[in-house]
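Novice: The structure is given below, and queries will be raised subsequently.
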Amino acid sequence: MARELLVQYLIAGLTYGVIYAVVGIGFNIIYNATGIINFAQGEFVMLGGMIAVTLHGFLPLPAAIAGAVVLTMAVGALVEMLFIRWLVKPSVLRMIIITIGVSILLREAALLLWGNAVRALPYFTGNEVTSVGILGARVSPQVLWAVGVCLALVAAITAWFRWTSWGRQMRACAANRVAASLCGLPTRNLVTLSFVLSAGMGALAGCVVSPITQTQYSVGAGLAIKGFTVAILGGLGNSLAAVAAGLLLGVLESFSVSLLPTAYKDAISIAVLLLILFVRPTGLFAARLTSRV
Amino acid sequence: MLRIRNLDVAYGPVTVLRRISLHVNPGEVVAIVGANGAGKTTLLKAVSGLVRPRAGEIALQGREVSRESAERIVALGCSHVPEGRQVFASMSVHENLLMGAHVQLRRGRKDQVKADLERVYRLFPVLEKRQRQFAGTLSGGEQQMLAMGRALMARPALLMLDEPSMGLAPLVMKDIFATVSRISAEGSTVLLVEQNARGALKIAHRGYVLETGRIVLSGTAEELLANRDVQRAYLGREAAAEPERGRP
Ligand SMILES: Nc1ncnc2c1ncn2[C@@H]1O[C@H](COP(=O)(O)OP(=O)(O)OP(=O)(O)O)[C@@H](O)[C@H]1O
Ligand SMILES: [Mg+2]
């Protein structure tokens, strides 16, 4: 394979990879706080992109994105308060069904609101044909935006968990919920916060990739599967591992296109997911006692 | 400080505590002793708001708290060191202590928290050495110290300890009991739940004996230590050996 092509595939893989990583971390944040796998995670990404496109009709791009992130966070809070908060010790199965229900609800609401048209935000800098050279390959500057923003997001969320009071409280709540309430931490609100955070992260990721991948009411489910694969691959709850797993999956998918028909691209993550669940259900990087999140 | 009247607690249809009445005066160390499954943990959980009593009153510093949330009860001045330590394993020792200080930090008392941190490190020098270590990597005794330190960071008027000596080597156990005495001497009120009746009664002022959900005996620590029934049931024959206790 020519080197330019190789770089091209690699960069495409990394672009998707960071998105998967962000969705995967969204899964982790909620999983850590509650033990719930939130299958509506992909819908947050979809909502971010769709709301931003709508807001961009009358707002400048940065404001539209900020607005979309804030609104999606509000949706995240609402989801938690309406469907999760009042449950006392729900079973895992019940939670899965509830979050899948929520994802269908959000998807149908989006269909009603926006129809099934495919939309996209404009490129943040330049347009479809603008490109920059990296090691001989031509890539859209939007790719750099996506990678840059997602990596910054991961760094910011990591720092937030480590050094802010709210972040620490969420880690405490994740580590031991009973002990957290015995310390007087507002555990219920922390759970709401975990939904708000992962909704916000998903929405921002949805905005930065929207110019490249476009967005439609139904993109959430696919992203949820990718993100879930990444979260499992990294060992649920471990965010740095999720980043590694995300990049791995993105690159794997991207290179698969050179070997398999494009239609099989999405099958890769399902295959990886099944393989991991069979062979190493604790994730690739498990076993050490590490700080989660 | 604490006054419980006719407390009933049930898990579903199973009544675990029946008509419990007890009180703890300011400055006292009160021990509750009883065998496996007697309901000791349940009693503390009812006070700290982790389980809802079915009936009865729990007054903390004269204030009825039996319907309050666990978070609120900490803020009202009662800290519960749960059975099995329950430290935040994936957080550092220092962070664990900061979490304990949450109710104080929320009131904006940063300087006081700093002083309290020094106090905890003075009580448990080993914790200071391990400040940056993950709590999950500490030994059982150290985790118990951390759990107690974390509770003290909230400046509780009443400190409740659930089997602090559980699973510890005899020397460490002694150390923990000595520290409880010291905490009490520094002005805290302590409610101590133990299967290790001898260790607990030695440092307590008064005690209650809990048997299958009922208080069957109460008195000063000396009275209980001298009581025939208590000796037979909880203190074993030889004075020296502490009963070995396994755990499911
Ligand atoms: N969550 C629960 N649901 C149902 N029953 C429970 C629950 N927790 C405890 N029990 C039952 O309540 C009774 C009292 O339990 P509790 O844990 O309060 O006893 P304990 O005196 O603390 O015992 P131990 O010395 O083993 O800690 C036991 O019979 C136990 O099986
Ligand atoms: Mg117990």
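Quick note on naming: the chains in the structure tokens go A, B, ... in the order shown, residues restart at 1 in each chain, and ligands are numbered from 1 in order of appearance.
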Counting only C-alpha atoms and all ligand atoms, which residues of chain B sit at most 6 Å from some atom of ligand 1, and what is each one's closest atom pair with its distance in Å to one decimal, listed by chain and rising residue number, as CSV?
Specialist:
residue,atom,partner,partner_atom_place_in_ligand_line,distance
B:Tyr11,CA,ligand 1,4 (C),4.8
B:Val16,CA,ligand 1,12 (O),5.2
B:Ala35,CA,ligand 1,25 (O),5.7
B:Asn36,CA,ligand 1,25 (O),3.6
B:Gly37,CA,ligand 1,23 (O),3.5
B:Ala38,CA,ligand 1,21 (O),3.8
B:Gly39,CA,ligand 1,18 (O),3.2
B:Lys40,CA,ligand 1,21 (O),3.7
B:Thr41,CA,ligand 1,22 (O),3.5
B:Thr42,CA,ligand 1,18 (O),3.6
Novice: Please produce a file of the residues just selected, as an mmCIF file, in the first residue's frame, where the atoms kept are all heavy atoms.
Specialist:
data_model
loop_
_atom_site.group_PDB
_atom_site.id
_atom_site.type_symbol
_atom_site.label_atom_id
_atom_site.label_comp_id
_atom_site.auth_asym_id
_atom_site.auth_seq_id
_atom_site.Cartn_x
_atom_site.Cartn_y
_atom_site.Cartn_z
ATOM 1 N N TYR B 11 -36.932 -5.752 57.103
ATOM 2 C CA TYR B 11 -36.589 -5.859 55.685
ATOM 3 C C TYR B 11 -37.736 -6.625 55.043
ATOM 4 O O TYR B 11 -37.863 -7.828 55.248
ATOM 5 C CB TYR B 11 -35.284 -6.616 55.467
ATOM 6 C CG TYR B 11 -34.060 -5.908 55.996
ATOM 7 C CD1 TYR B 11 -33.374 -6.373 57.113
ATOM 8 C CD2 TYR B 11 -33.589 -4.759 55.362
ATOM 9 C CE1 TYR B 11 -32.250 -5.733 57.592
ATOM 10 C CE2 TYR B 11 -32.458 -4.103 55.831
ATOM 11 C CZ TYR B 11 -31.801 -4.595 56.941
ATOM 12 O OH TYR B 11 -30.692 -3.950 57.406
ATOM 13 N N VAL B 16 -36.490 -7.220 61.910
ATOM 14 C CA VAL B 16 -35.125 -7.457 62.365
ATOM 15 C C VAL B 16 -34.874 -6.799 63.717
ATOM 16 O O VAL B 16 -34.145 -7.325 64.550
ATOM 17 C CB VAL B 16 -34.128 -6.947 61.309
ATOM 18 C CG1 VAL B 16 -32.721 -7.036 61.816
ATOM 19 C CG2 VAL B 16 -34.272 -7.759 60.022
ATOM 20 N N ALA B 35 -24.435 -11.134 68.975
ATOM 21 C CA ALA B 35 -23.876 -12.138 68.076
ATOM 22 C C ALA B 35 -24.165 -11.784 66.622
ATOM 23 O O ALA B 35 -24.850 -10.814 66.321
ATOM 24 C CB ALA B 35 -24.465 -13.505 68.404
ATOM 25 N N ASN B 36 -23.609 -12.607 65.754
ATOM 26 C CA ASN B 36 -23.876 -12.544 64.328
ATOM 27 C C ASN B 36 -25.372 -12.468 64.031
ATOM 28 O O ASN B 36 -26.136 -13.273 64.531
ATOM 29 C CB ASN B 36 -23.371 -13.870 63.736
ATOM 30 C CG ASN B 36 -22.450 -13.616 62.602
ATOM 31 O OD1 ASN B 36 -22.797 -12.875 61.699
ATOM 32 N ND2 ASN B 36 -21.278 -14.204 62.660
ATOM 33 N N GLY B 37 -25.761 -11.468 63.245
ATOM 34 C CA GLY B 37 -27.155 -11.415 62.814
ATOM 35 C C GLY B 37 -28.119 -10.900 63.853
ATOM 36 O O GLY B 37 -29.334 -10.966 63.674
ATOM 37 N N ALA B 38 -27.609 -10.350 64.957
ATOM 38 C CA ALA B 38 -28.492 -9.853 66.006
ATOM 39 C C ALA B 38 -29.244 -8.601 65.565
ATOM 40 O O ALA B 38 -30.318 -8.303 66.081
ATOM 41 C CB ALA B 38 -27.684 -9.560 67.256
ATOM 42 N N GLY B 39 -28.662 -7.876 64.618
ATOM 43 C CA GLY B 39 -29.309 -6.647 64.146
ATOM 44 C C GLY B 39 -28.525 -5.388 64.470
ATOM 45 O O GLY B 39 -29.040 -4.282 64.366
ATOM 46 N N LYS B 40 -27.255 -5.562 64.835
ATOM 47 C CA LYS B 40 -26.434 -4.414 65.218
ATOM 48 C C LYS B 40 -26.248 -3.439 64.058
ATOM 49 O O LYS B 40 -26.420 -2.225 64.199
ATOM 50 C CB LYS B 40 -25.055 -4.899 65.708
ATOM 51 C CG LYS B 40 -25.127 -5.944 66.806
ATOM 52 C CD LYS B 40 -23.756 -6.382 67.282
ATOM 53 C CE LYS B 40 -22.918 -7.107 66.244
ATOM 54 N NZ LYS B 40 -23.484 -8.375 65.761
ATOM 55 N N THR B 41 -25.877 -4.013 62.902
ATOM 56 C CA THR B 41 -25.658 -3.168 61.728
ATOM 57 C C THR B 41 -26.950 -2.455 61.334
ATOM 58 O O THR B 41 -26.944 -1.261 61.023
ATOM 59 C CB THR B 41 -25.142 -4.026 60.564
ATOM 60 O OG1 THR B 41 -23.881 -4.574 60.938
ATOM 61 C CG2 THR B 41 -24.974 -3.202 59.311
ATOM 62 N N THR B 42 -28.039 -3.203 61.393
ATOM 63 C CA THR B 42 -29.332 -2.619 61.031
ATOM 64 C C THR B 42 -29.666 -1.424 61.916
ATOM 65 O O THR B 42 -30.182 -0.408 61.450
ATOM 66 C CB THR B 42 -30.425 -3.690 61.142
ATOM 67 O OG1 THR B 42 -30.046 -4.813 60.346
ATOM 68 C CG2 THR B 42 -31.753 -3.165 60.680
#
Novice: Compile the residues of chain A that lie within 10 Å of chain B, evaluated using only C-alpha atoms, and express the compilation as JSON, numbers by chain.
Specialist: {"A": [162, 165, 168, 169, 171, 172, 173, 174, 175, 176, 177, 178, 179, 180, 181, 182, 183, 184, 185, 186, 187, 289, 290, 291, 292, 293]}
Novice: Which residues are close to stretch 252-262 of chain A, i.e. within 12 Å by only C-alpha atoms, leaving aside same-chain residues fewer than 3 positions away? Reply as number ranges by chain.
Specialist: A: 1, 5-17, 20, 226, 245-249, 265-272
Novice: Quick one, how far is atom CA of A:Val92 from atom CA of A:Ala244?
Specialist: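 Taking atom CA of A:Val92 and atom CA of A:Ala244, their separation equals 27.0 Å.
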Novice: Please identify all polymer residues within 9 Å of B:His23, counting only C-alpha atoms, omitting same-chain residues fewer than 5 positions from it, and present them as a PyMOL selection string.
Specialist: chain B and resi 1-5+30
Novice: So, counting only C-alpha atoms, which residue among A:Val139, A:Leu47, A:Ala224, A:Ile19 is closest to A:Thr72?
Specialist: A:Leu47
Novice: Calculated over only C-alpha atoms, which of the candidates A:Ser198, A:Thr229, A:Ser91, A:Gln41 has the smallest distance to A:Val154?
Specialist: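 For A:Val154, the nearest of the candidates is A:Ser198.
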Novice: Looking at only C-alpha atoms, which of A:Thr282, A:Ser218, A:Asn189, A:Ser239 is the one that sits closest to A:Ala109?
Specialist: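 Closest residue, counting only C-alpha atoms: A:Ser218.
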Novice: Using Å and a single decimal, report how far atom CA of B:Leu191 sits from atom CA of B:Met160.
Specialist: 4.7 Å
Novice: Would you mind reading off the distance between atom CA of A:Val79 and atom CA of B:Arg52, one decimal, in Å?
Specialist: 27.3 Å
Novice: Applying 12 Å and only C-alpha atoms, which residues near B:Leu22 remain after dropping the ones on its own chain fewer than 6 positions away? List them as a list in words.
Specialist: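 Contacts, with the query itself left out: Met1, Leu2, Arg3, Ile4, Arg5, Asn6, Leu7, Val30, Ala31, Ile32, Leu43, Val47, Gly56, Glu57, Ile58, Ala59, Leu191, Arg206, Gly207, Tyr208, Val209, Leu210, Arg214, Ile215, Val216, Leu217, Ser218 and Gly219 of chain B.
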Novice: If you count only C-alpha atoms, which residues fall within 6 Å of A:Ala21, apart from same-chain ones fewer than 3 positions away, as a PyMOL selection string?
Specialist: chain A and resi 18+24+242-243+246
Novice: Fewer than 5 positions away in the same chain doesn't count, so skip those; otherwise give me all residues within 12 Å of stretch 54-66 of chain A, counting only C-alpha atoms, as a ChimeraX atom specification.
Specialist: /A:47-49,71-73,110,113-114,119-125,200-201,203-210,215
